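Before any comments, here is the structure.
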Amino acid sequence: MQAELEQIETEALTELKVVNDLRELESLRIKYFGRKGQLTTVMRGMRKLSKEERPIVGKLANEVRTNITAAFDRVTETLNQRAREQQLAAEAVDITLPGRRPRIGKKHPITQTFDRIQEIFRGMGFQVAEGPEIEHEYYNFDALNTPAEHPARDLHDTFYIANELVLRTHTSPVQVRVMEKQKPPVRIIVPGKVYRLDYDISHTPMFHQVEGLLVDHQVTFSELKGVLYSFARQMFGEMTRVRFRPGFFPFTEPSAEIDISCTVCGGKGCRTCSRTGWLEILGAGSVHPNVFRYVNYDPEQITGFAFGMGVDRIAMLRFGITDLRLIFENDMRFAQQF
Ligand code: PHE
């Protein structure tokens, strides 16, 4: 029995040296200390020994057990430490690597264009005003010298949303709202959304305009030209040429449609400008005396000019976008390009 114990000790200590992980260690523990384990079996067999033998073998058995247990503890400690080191290595953060940049959103091309337009006009002393998108017919049409039977009401395919209420078809009603509240001088621009029944490659039912209004004593048409020339050159570059064509709007007289030289071909003629060399970006004119009468300004004393531009068109030119509808679909592959 003594020989057996010694053999168990030698074997156990040898086996423990080559244990690779905690699972192997556990099966060794069962092999020696389990209910049917080798050491357990030997200890149990001691009952059969004689009184004289028992203390001697018992002492040896205890020593063997102590030695094996100590070896188990050492191996357990080693394995645990190795596991900890592996975990630390796996979770290590290399603080010398450059940080990951959070993705920062950018402004929509339309917003960027609004910002730039406002910046230019603020530089010329204009202030920003705003008005409602759901508008009373009075402001959208009547007070802009466009009575019910006026053909110009058909020009706008208007969204009527309730009796006498429309989605504004242009930003011009804000002219009236501001003049009602404020005496001259008035020098405002009005950025905003407008609505018309239209949908194709260059029209969406909602689009964007910036209105401009300058009203004071003795404002002239040449000042309108000066403001718009300056705007066009700041917006599209120093080489930009500007052309005024006669136009018609019920709320301005005289009225003009304003083109800039094509930003793509410089005026030679290309697809963007339909080979004309010119791009229409603005409507404008001197404020009609009737509009002044609606807001209780005296047309004998007060003159002014107004203009309205399509922001989406300008954004398309600025960023080289060929289909207006892309601007509003918010496809990330499109939006990320700006
Ligand atoms: N409101 C006009 C439009 O939407 C543009 C315009 C504004 C024309 C101001 C003249 C003066 O077409």
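Residues in the structure tokens are numbered from 1 in each chain, the chains being A, B, ... in the order shown, and ligands are numbered from 1 in the order shown.
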Report task. Could you please extract the residues within 7 Å of ligand 1, counting only C-alpha atoms and all ligand atoms, and hand them back as a ChimeraX atom specification? Result -> /A:169-172,211-212,249,251-252,255,282-285,306-309
Residues just named, written with all heavy atoms as a compact mmCIF listing (two decimals), in the first residue's frame:
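What landed in result-v9.txt:
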# COMPACT_ATOMS: atom_id res chain seq x y z
N THR A 169 -47.59 79.62 -52.81
CA THR A 169 -46.98 79.24 -54.08
C THR A 169 -45.68 80.00 -54.32
O THR A 169 -44.98 79.72 -55.29
CB THR A 169 -47.94 79.54 -55.24
OG1 THR A 169 -48.27 80.94 -55.22
CG2 THR A 169 -49.23 78.73 -55.10
N HIS A 170 -45.41 80.98 -53.47
CA HIS A 170 -44.16 81.73 -53.56
C HIS A 170 -43.91 82.42 -52.22
O HIS A 170 -44.77 82.37 -51.32
CB HIS A 170 -44.18 82.75 -54.72
CG HIS A 170 -45.39 83.65 -54.76
ND1 HIS A 170 -45.56 84.63 -55.72
CD2 HIS A 170 -46.49 83.73 -53.96
CE1 HIS A 170 -46.70 85.26 -55.51
NE2 HIS A 170 -47.28 84.74 -54.47
N THR A 171 -42.73 83.01 -52.05
CA THR A 171 -42.43 83.70 -50.79
C THR A 171 -42.90 85.16 -50.81
O THR A 171 -42.81 85.85 -49.79
CB THR A 171 -40.92 83.64 -50.48
OG1 THR A 171 -40.19 83.87 -51.69
CG2 THR A 171 -40.52 82.29 -49.92
N SER A 172 -43.45 85.60 -51.94
CA SER A 172 -43.87 87.00 -52.04
C SER A 172 -44.91 87.46 -50.99
O SER A 172 -44.89 88.63 -50.60
CB SER A 172 -44.40 87.28 -53.46
OG SER A 172 -43.39 86.99 -54.41
N GLU A 211 -36.92 85.39 -51.31
CA GLU A 211 -37.54 86.63 -51.75
C GLU A 211 -36.66 87.78 -51.30
O GLU A 211 -35.98 87.68 -50.27
CB GLU A 211 -38.91 86.74 -51.05
CG GLU A 211 -39.80 87.84 -51.56
CD GLU A 211 -40.56 87.37 -52.79
OE1 GLU A 211 -40.48 86.19 -53.14
OE2 GLU A 211 -41.24 88.22 -53.41
N GLY A 212 -36.69 88.85 -52.06
CA GLY A 212 -35.99 90.05 -51.60
C GLY A 212 -36.92 91.24 -51.76
O GLY A 212 -37.73 91.29 -52.68
N PHE A 249 -45.02 89.97 -63.81
CA PHE A 249 -45.57 89.51 -62.54
C PHE A 249 -46.62 90.54 -62.13
O PHE A 249 -46.40 91.74 -62.32
CB PHE A 249 -44.49 89.42 -61.46
CG PHE A 249 -43.38 88.47 -61.82
CD1 PHE A 249 -42.17 88.96 -62.31
CD2 PHE A 249 -43.53 87.10 -61.69
CE1 PHE A 249 -41.14 88.10 -62.66
CE2 PHE A 249 -42.50 86.23 -62.03
CZ PHE A 249 -41.31 86.73 -62.52
N PHE A 251 -47.42 91.71 -59.37
CA PHE A 251 -47.06 92.56 -58.22
C PHE A 251 -45.84 93.42 -58.47
O PHE A 251 -45.37 94.10 -57.56
CB PHE A 251 -46.88 91.70 -56.98
CG PHE A 251 -46.24 90.35 -57.26
CD1 PHE A 251 -44.87 90.20 -57.20
CD2 PHE A 251 -47.03 89.26 -57.61
CE1 PHE A 251 -44.28 88.98 -57.49
CE2 PHE A 251 -46.44 88.03 -57.90
CZ PHE A 251 -45.07 87.89 -57.84
N THR A 252 -45.28 93.36 -59.69
CA THR A 252 -44.17 94.27 -60.03
C THR A 252 -44.45 94.91 -61.37
O THR A 252 -45.04 94.31 -62.26
CB THR A 252 -42.82 93.53 -60.07
OG1 THR A 252 -42.95 92.34 -60.84
CG2 THR A 252 -42.30 93.21 -58.68
N SER A 255 -41.50 94.50 -64.82
CA SER A 255 -40.98 93.23 -64.31
C SER A 255 -39.88 92.72 -65.22
O SER A 255 -39.84 93.07 -66.41
CB SER A 255 -42.09 92.17 -64.26
OG SER A 255 -43.16 92.60 -63.45
N LEU A 282 -33.90 84.17 -61.61
CA LEU A 282 -34.60 85.17 -60.80
C LEU A 282 -35.77 85.80 -61.55
O LEU A 282 -35.73 85.97 -62.76
CB LEU A 282 -33.65 86.32 -60.51
CG LEU A 282 -32.77 86.32 -59.29
CD1 LEU A 282 -31.48 87.00 -59.61
CD2 LEU A 282 -33.47 87.02 -58.14
N GLY A 283 -36.79 86.18 -60.75
CA GLY A 283 -37.81 87.10 -61.25
C GLY A 283 -37.72 88.35 -60.39
O GLY A 283 -37.40 88.27 -59.21
N ALA A 284 -38.01 89.50 -60.98
CA ALA A 284 -37.86 90.74 -60.19
C ALA A 284 -38.64 91.88 -60.83
O ALA A 284 -39.19 91.75 -61.92
CB ALA A 284 -36.39 91.12 -60.08
N GLY A 285 -38.65 93.00 -60.14
CA GLY A 285 -39.29 94.18 -60.71
C GLY A 285 -39.48 95.25 -59.66
O GLY A 285 -39.15 95.07 -58.49
N ALA A 306 -38.53 94.28 -55.80
CA ALA A 306 -38.61 92.95 -55.20
C ALA A 306 -38.00 91.95 -56.18
O ALA A 306 -37.94 92.21 -57.38
CB ALA A 306 -40.06 92.59 -54.91
N PHE A 307 -37.54 90.87 -55.63
CA PHE A 307 -37.04 89.79 -56.49
C PHE A 307 -37.30 88.46 -55.81
O PHE A 307 -37.52 88.39 -54.59
CB PHE A 307 -35.55 89.96 -56.81
CG PHE A 307 -34.67 90.09 -55.58
CD1 PHE A 307 -34.18 88.95 -54.95
CD2 PHE A 307 -34.34 91.35 -55.08
CE1 PHE A 307 -33.37 89.07 -53.83
CE2 PHE A 307 -33.53 91.46 -53.95
CZ PHE A 307 -33.04 90.33 -53.32
N GLY A 308 -37.34 87.42 -56.61
CA GLY A 308 -37.53 86.08 -56.05
C GLY A 308 -36.67 85.10 -56.82
O GLY A 308 -36.62 85.15 -58.05
N MET A 309 -35.98 84.24 -56.10
CA MET A 309 -35.11 83.29 -56.81
C MET A 309 -35.39 81.86 -56.36
O MET A 309 -35.85 81.60 -55.26
CB MET A 309 -33.64 83.63 -56.58
CG MET A 309 -33.19 83.51 -55.14
SD MET A 309 -31.47 84.00 -54.98
CE MET A 309 -31.64 85.77 -54.74
Query raised in the report: Which of range 20-198 of chain A counts as alpha helix (DSSP H) under DSSP, as JSON, numbers by chain please?
Result: {"A": [22, 23, 24, 25, 26, 27, 28, 29, 30, 31, 32, 33, 38, 39, 40, 41, 42, 43, 44, 45, 53, 54, 55, 56, 57, 58, 59, 60, 61, 62, 63, 64, 65, 66, 67, 68, 69, 70, 71, 72, 73, 74, 75, 76, 77, 78, 79, 80, 81, 82, 83, 84, 85, 86, 87, 88, 89, 90, 91, 109, 110, 111, 112, 113, 114, 115, 116, 117, 118, 119, 120, 121, 122, 123, 137, 138, 139, 140, 152, 153, 154, 155, 173, 174, 175, 176, 177, 178, 179, 180, 181]}
Query raised in the report: CA of Val57 in chain A and CA of Gln38 in chain A, how far apart in Å?
Result: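 It comes out at 15.3 Å.
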Query raised in the report: Neighbours of range 81-89 of chain A within 10 Å (only C-alpha atoms; same-chain residues fewer than 4 positions away dropped), as a PyMOL selection string?
Result: chain A and resi 21-22+75-77+93
Query raised in the report: Residues at most 10 Å from Gly131 in chain A, counting only C-alpha atoms, excluding those fewer than 3 positions away in the same chain, as number ranges by chain?
Result: A: 134-135, 168, 171-175, 177-178, 190-193
Selected residues written out, N, CA and C atoms, as an mmCIF file, in the first residue's frame:
data_model
loop_
_atom_site.group_PDB
_atom_site.id
_atom_site.type_symbol
_atom_site.label_atom_id
_atom_site.label_comp_id
_atom_site.auth_asym_id
_atom_site.auth_seq_id
_atom_site.Cartn_x
_atom_site.Cartn_y
_atom_site.Cartn_z
ATOM 1 N N ILE A 134 -48.531 77.836 -44.694
ATOM 2 C CA ILE A 134 -49.971 77.814 -44.960
ATOM 3 C C ILE A 134 -50.401 79.273 -44.969
ATOM 4 N N GLU A 135 -50.887 79.714 -46.103
ATOM 5 C CA GLU A 135 -51.079 81.146 -46.304
ATOM 6 C C GLU A 135 -52.526 81.442 -46.704
ATOM 7 N N ARG A 168 -48.503 78.245 -49.670
ATOM 8 C CA ARG A 168 -48.045 79.398 -50.449
ATOM 9 C C ARG A 168 -47.305 78.933 -51.698
ATOM 10 N N THR A 171 -42.734 83.012 -52.053
ATOM 11 C CA THR A 171 -42.433 83.696 -50.792
ATOM 12 C C THR A 171 -42.900 85.156 -50.806
ATOM 13 N N SER A 172 -43.453 85.600 -51.937
ATOM 14 C CA SER A 172 -43.873 87.001 -52.043
ATOM 15 C C SER A 172 -44.906 87.456 -50.993
ATOM 16 N N PRO A 173 -45.821 86.573 -50.520
ATOM 17 C CA PRO A 173 -46.759 87.053 -49.493
ATOM 18 C C PRO A 173 -46.066 87.643 -48.255
ATOM 19 N N VAL A 174 -44.855 87.227 -48.001
ATOM 20 C CA VAL A 174 -44.145 87.756 -46.824
ATOM 21 C C VAL A 174 -43.807 89.248 -47.019
ATOM 22 N N GLN A 175 -43.638 89.654 -48.288
ATOM 23 C CA GLN A 175 -43.494 91.097 -48.556
ATOM 24 C C GLN A 175 -44.626 91.871 -47.896
ATOM 25 N N ARG A 177 -46.836 90.871 -45.588
ATOM 26 C CA ARG A 177 -46.887 90.742 -44.127
ATOM 27 C C ARG A 177 -45.900 91.681 -43.442
ATOM 28 N N VAL A 178 -44.716 91.814 -44.012
ATOM 29 C CA VAL A 178 -43.716 92.679 -43.377
ATOM 30 C C VAL A 178 -44.107 94.154 -43.530
ATOM 31 N N VAL A 190 -36.296 86.820 -47.671
ATOM 32 C CA VAL A 190 -37.195 85.838 -47.067
ATOM 33 C C VAL A 190 -36.871 84.459 -47.622
ATOM 34 N N PRO A 191 -36.150 83.650 -46.866
ATOM 35 C CA PRO A 191 -35.921 82.276 -47.313
ATOM 36 C C PRO A 191 -37.102 81.410 -46.922
ATOM 37 N N GLY A 192 -37.459 80.428 -47.757
ATOM 38 C CA GLY A 192 -38.554 79.558 -47.326
ATOM 39 C C GLY A 192 -38.953 78.506 -48.334
ATOM 40 N N LYS A 193 -39.863 77.642 -47.874
ATOM 41 C CA LYS A 193 -40.404 76.579 -48.718
ATOM 42 C C LYS A 193 -41.666 77.078 -49.403
#
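Between Asp216 in chain A and the candidates A:Tyr138, A:Phe305, A:Phe231, A:Tyr294, the tightest atom-to-atom separation, counting only C-alpha atoms, involves A:Phe305.
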Set the distance at 12 Å and use only C-alpha atoms: which residues neighbour Gln301 in chain A once local chain neighbours fewer than 2 positions away are removed? I'd like the list as an mmCIF file with all heavy atoms, in the first residue's frame.
data_model
loop_
_atom_site.group_PDB
_atom_site.id
_atom_site.type_symbol
_atom_site.label_atom_id
_atom_site.label_comp_id
_atom_site.auth_asym_id
_atom_site.auth_seq_id
_atom_site.Cartn_x
_atom_site.Cartn_y
_atom_site.Cartn_z
ATOM 1 N N PRO A 184 -41.514 102.113 -44.065
ATOM 2 C CA PRO A 184 -40.245 102.141 -44.801
ATOM 3 C C PRO A 184 -39.178 102.859 -43.962
ATOM 4 O O PRO A 184 -39.570 103.727 -43.169
ATOM 5 C CB PRO A 184 -40.564 102.940 -46.064
ATOM 6 C CG PRO A 184 -42.063 103.029 -46.119
ATOM 7 C CD PRO A 184 -42.584 102.840 -44.748
ATOM 8 N N PRO A 185 -37.919 102.586 -44.118
ATOM 9 C CA PRO A 185 -37.358 101.637 -45.113
ATOM 10 C C PRO A 185 -37.498 100.172 -44.704
ATOM 11 O O PRO A 185 -37.429 99.845 -43.526
ATOM 12 C CB PRO A 185 -35.878 102.025 -45.143
ATOM 13 C CG PRO A 185 -35.600 102.556 -43.770
ATOM 14 C CD PRO A 185 -36.868 103.248 -43.322
ATOM 15 N N VAL A 215 -37.546 98.677 -49.988
ATOM 16 C CA VAL A 215 -38.533 99.737 -50.151
ATOM 17 C C VAL A 215 -38.090 100.962 -49.351
ATOM 18 O O VAL A 215 -37.667 100.830 -48.203
ATOM 19 C CB VAL A 215 -39.924 99.277 -49.648
ATOM 20 C CG1 VAL A 215 -40.909 100.433 -49.640
ATOM 21 C CG2 VAL A 215 -40.459 98.142 -50.506
ATOM 22 N N ASP A 216 -38.163 102.123 -50.019
ATOM 23 C CA ASP A 216 -37.759 103.351 -49.329
ATOM 24 C C ASP A 216 -38.227 104.535 -50.183
ATOM 25 O O ASP A 216 -38.902 104.352 -51.179
ATOM 26 C CB ASP A 216 -36.221 103.363 -49.167
ATOM 27 C CG ASP A 216 -35.779 104.240 -47.987
ATOM 28 O OD1 ASP A 216 -36.598 105.058 -47.501
ATOM 29 O OD2 ASP A 216 -34.627 104.083 -47.571
ATOM 30 N N HIS A 217 -37.828 105.739 -49.804
ATOM 31 C CA HIS A 217 -38.073 106.880 -50.683
ATOM 32 C C HIS A 217 -37.085 106.809 -51.839
ATOM 33 O O HIS A 217 -35.894 106.569 -51.628
ATOM 34 C CB HIS A 217 -37.870 108.193 -49.907
ATOM 35 C CG HIS A 217 -38.869 108.345 -48.788
ATOM 36 N ND1 HIS A 217 -40.082 108.989 -48.934
ATOM 37 C CD2 HIS A 217 -38.840 107.892 -47.510
ATOM 38 C CE1 HIS A 217 -40.744 108.950 -47.797
ATOM 39 N NE2 HIS A 217 -40.014 108.293 -46.906
ATOM 40 N N GLN A 218 -37.581 106.972 -53.064
ATOM 41 C CA GLN A 218 -36.720 107.086 -54.249
ATOM 42 C C GLN A 218 -35.771 105.923 -54.479
ATOM 43 O O GLN A 218 -34.582 106.106 -54.723
ATOM 44 C CB GLN A 218 -35.901 108.386 -54.151
ATOM 45 C CG GLN A 218 -36.792 109.597 -54.236
ATOM 46 C CD GLN A 218 -36.026 110.889 -53.989
ATOM 47 O OE1 GLN A 218 -34.917 110.883 -53.444
ATOM 48 N NE2 GLN A 218 -36.612 111.995 -54.402
ATOM 49 N N VAL A 219 -36.318 104.727 -54.390
ATOM 50 C CA VAL A 219 -35.522 103.569 -54.800
ATOM 51 C C VAL A 219 -35.714 103.387 -56.302
ATOM 52 O O VAL A 219 -36.823 103.503 -56.803
ATOM 53 C CB VAL A 219 -35.986 102.296 -54.070
ATOM 54 C CG1 VAL A 219 -35.192 101.082 -54.539
ATOM 55 C CG2 VAL A 219 -35.846 102.472 -52.569
ATOM 56 N N PRO A 289 -47.602 99.792 -57.610
ATOM 57 C CA PRO A 289 -48.266 100.740 -56.701
ATOM 58 C C PRO A 289 -49.447 100.116 -55.952
ATOM 59 O O PRO A 289 -49.697 100.456 -54.786
ATOM 60 C CB PRO A 289 -48.740 101.861 -57.626
ATOM 61 C CG PRO A 289 -47.864 101.768 -58.831
ATOM 62 C CD PRO A 289 -47.430 100.339 -58.961
ATOM 63 N N PHE A 292 -48.457 98.581 -52.738
ATOM 64 C CA PHE A 292 -48.248 99.592 -51.690
ATOM 65 C C PHE A 292 -49.579 100.057 -51.108
ATOM 66 O O PHE A 292 -49.698 100.280 -49.904
ATOM 67 C CB PHE A 292 -47.486 100.793 -52.269
ATOM 68 C CG PHE A 292 -46.007 100.511 -52.454
ATOM 69 C CD1 PHE A 292 -45.317 101.061 -53.535
ATOM 70 C CD2 PHE A 292 -45.302 99.728 -51.542
ATOM 71 C CE1 PHE A 292 -43.960 100.817 -53.703
ATOM 72 C CE2 PHE A 292 -43.949 99.485 -51.710
ATOM 73 C CZ PHE A 292 -43.277 100.029 -52.798
ATOM 74 N N ARG A 293 -50.604 100.174 -51.970
ATOM 75 C CA ARG A 293 -51.904 100.629 -51.467
ATOM 76 C C ARG A 293 -52.465 99.619 -50.470
ATOM 77 O O ARG A 293 -53.060 100.004 -49.461
ATOM 78 C CB ARG A 293 -52.880 100.838 -52.630
ATOM 79 C CG ARG A 293 -52.483 102.044 -53.481
ATOM 80 C CD ARG A 293 -53.536 102.471 -54.498
ATOM 81 N NE ARG A 293 -52.972 103.572 -55.311
ATOM 82 C CZ ARG A 293 -52.458 103.401 -56.536
ATOM 83 N NH1 ARG A 293 -52.495 102.208 -57.127
ATOM 84 N NH2 ARG A 293 -51.938 104.430 -57.177
ATOM 85 N N ASN A 296 -51.054 100.244 -47.144
ATOM 86 C CA ASN A 296 -51.119 101.635 -46.699
ATOM 87 C C ASN A 296 -49.801 102.398 -46.800
ATOM 88 O O ASN A 296 -49.475 103.204 -45.935
ATOM 89 C CB ASN A 296 -51.653 101.733 -45.257
ATOM 90 C CG ASN A 296 -53.135 101.385 -45.205
ATOM 91 O OD1 ASN A 296 -53.904 101.807 -46.087
ATOM 92 N ND2 ASN A 296 -53.520 100.611 -44.217
ATOM 93 N N TYR A 297 -49.054 102.092 -47.825
ATOM 94 C CA TYR A 297 -47.912 102.942 -48.165
ATOM 95 C C TYR A 297 -48.401 103.881 -49.264
ATOM 96 O O TYR A 297 -49.228 103.494 -50.094
ATOM 97 C CB TYR A 297 -46.745 102.131 -48.739
ATOM 98 C CG TYR A 297 -45.911 101.350 -47.753
ATOM 99 C CD1 TYR A 297 -46.293 101.151 -46.424
ATOM 100 C CD2 TYR A 297 -44.694 100.792 -48.180
ATOM 101 C CE1 TYR A 297 -45.490 100.407 -45.568
ATOM 102 C CE2 TYR A 297 -43.901 100.055 -47.327
ATOM 103 C CZ TYR A 297 -44.304 99.859 -46.017
ATOM 104 O OH TYR A 297 -43.514 99.123 -45.179
ATOM 105 N N ASP A 298 -47.849 105.081 -49.308
ATOM 106 C CA ASP A 298 -48.247 106.040 -50.342
ATOM 107 C C ASP A 298 -47.356 105.852 -51.580
ATOM 108 O O ASP A 298 -46.162 106.146 -51.529
ATOM 109 C CB ASP A 298 -48.098 107.466 -49.793
ATOM 110 C CG ASP A 298 -48.483 108.503 -50.847
ATOM 111 O OD1 ASP A 298 -48.821 108.116 -51.998
ATOM 112 O OD2 ASP A 298 -48.438 109.706 -50.506
ATOM 113 N N PRO A 299 -47.932 105.331 -52.700
ATOM 114 C CA PRO A 299 -47.112 105.057 -53.892
ATOM 115 C C PRO A 299 -46.506 106.328 -54.512
ATOM 116 O O PRO A 299 -45.600 106.233 -55.345
ATOM 117 C CB PRO A 299 -48.075 104.393 -54.876
ATOM 118 C CG PRO A 299 -49.401 104.339 -54.231
ATOM 119 C CD PRO A 299 -49.356 105.029 -52.900
ATOM 120 N N THR A 303 -41.082 104.028 -53.228
ATOM 121 C CA THR A 303 -40.823 103.097 -54.330
ATOM 122 C C THR A 303 -39.979 101.940 -53.801
ATOM 123 O O THR A 303 -39.474 101.985 -52.680
ATOM 124 C CB THR A 303 -40.058 103.783 -55.485
ATOM 125 O OG1 THR A 303 -38.893 104.406 -54.948
ATOM 126 C CG2 THR A 303 -40.936 104.794 -56.193
ATOM 127 N N GLY A 304 -39.843 100.934 -54.634
ATOM 128 C CA GLY A 304 -39.036 99.808 -54.171
ATOM 129 C C GLY A 304 -38.926 98.740 -55.233
ATOM 130 O O GLY A 304 -39.544 98.839 -56.292
#
Query raised in the report: Leaving out Glu15 in chain A and any residue of its chain fewer than 4 positions from it, which residues lie within 10 Å of it when counting only C-alpha atoms, given as a list in words?
Result: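 Selected residues are Glu9, Thr10, Glu11, Val19, Leu25 and Leu28 of chain A.
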Query raised in the report: Counting only C-alpha atoms, what is within 10 Å of Ser202 in chain A, bar same-chain residues fewer than 6 positions away, as a PyMOL selection string?
Result: chain A and resi 312-313+316+322-325
Report task. Based on DSSP run over this structure's backbone, return all residues of range 40-249 of chain A in strand (DSSP E or B), as a PyMOL selection string. Result -> chain A and resi 127-128+134-136+160-162+165-167+186-195+200+203+206-217+242-249
Query raised in the report: In Å, how far is it from CA of Asn163 in chain A to CA of Val194 in chain A?
Result: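 We find that CA of Asn163 in chain A and CA of Val194 in chain A lie 18.8 Å from each other.
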Query raised in the report: For Arg122 in chain A, which residue among A:His203, A:Arg275, A:Arg333, A:Arg187 is the nearest when counting only C-alpha atoms?
Result: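 Going through A:His203, A:Arg275, A:Arg333, A:Arg187 one by one, the smallest distance to Arg122 in chain A is for A:Arg187.
Reported to one decimal place, the separation of CA of Glu137 in chain A from CA of Ala162 in chain A is 10.3 Å.
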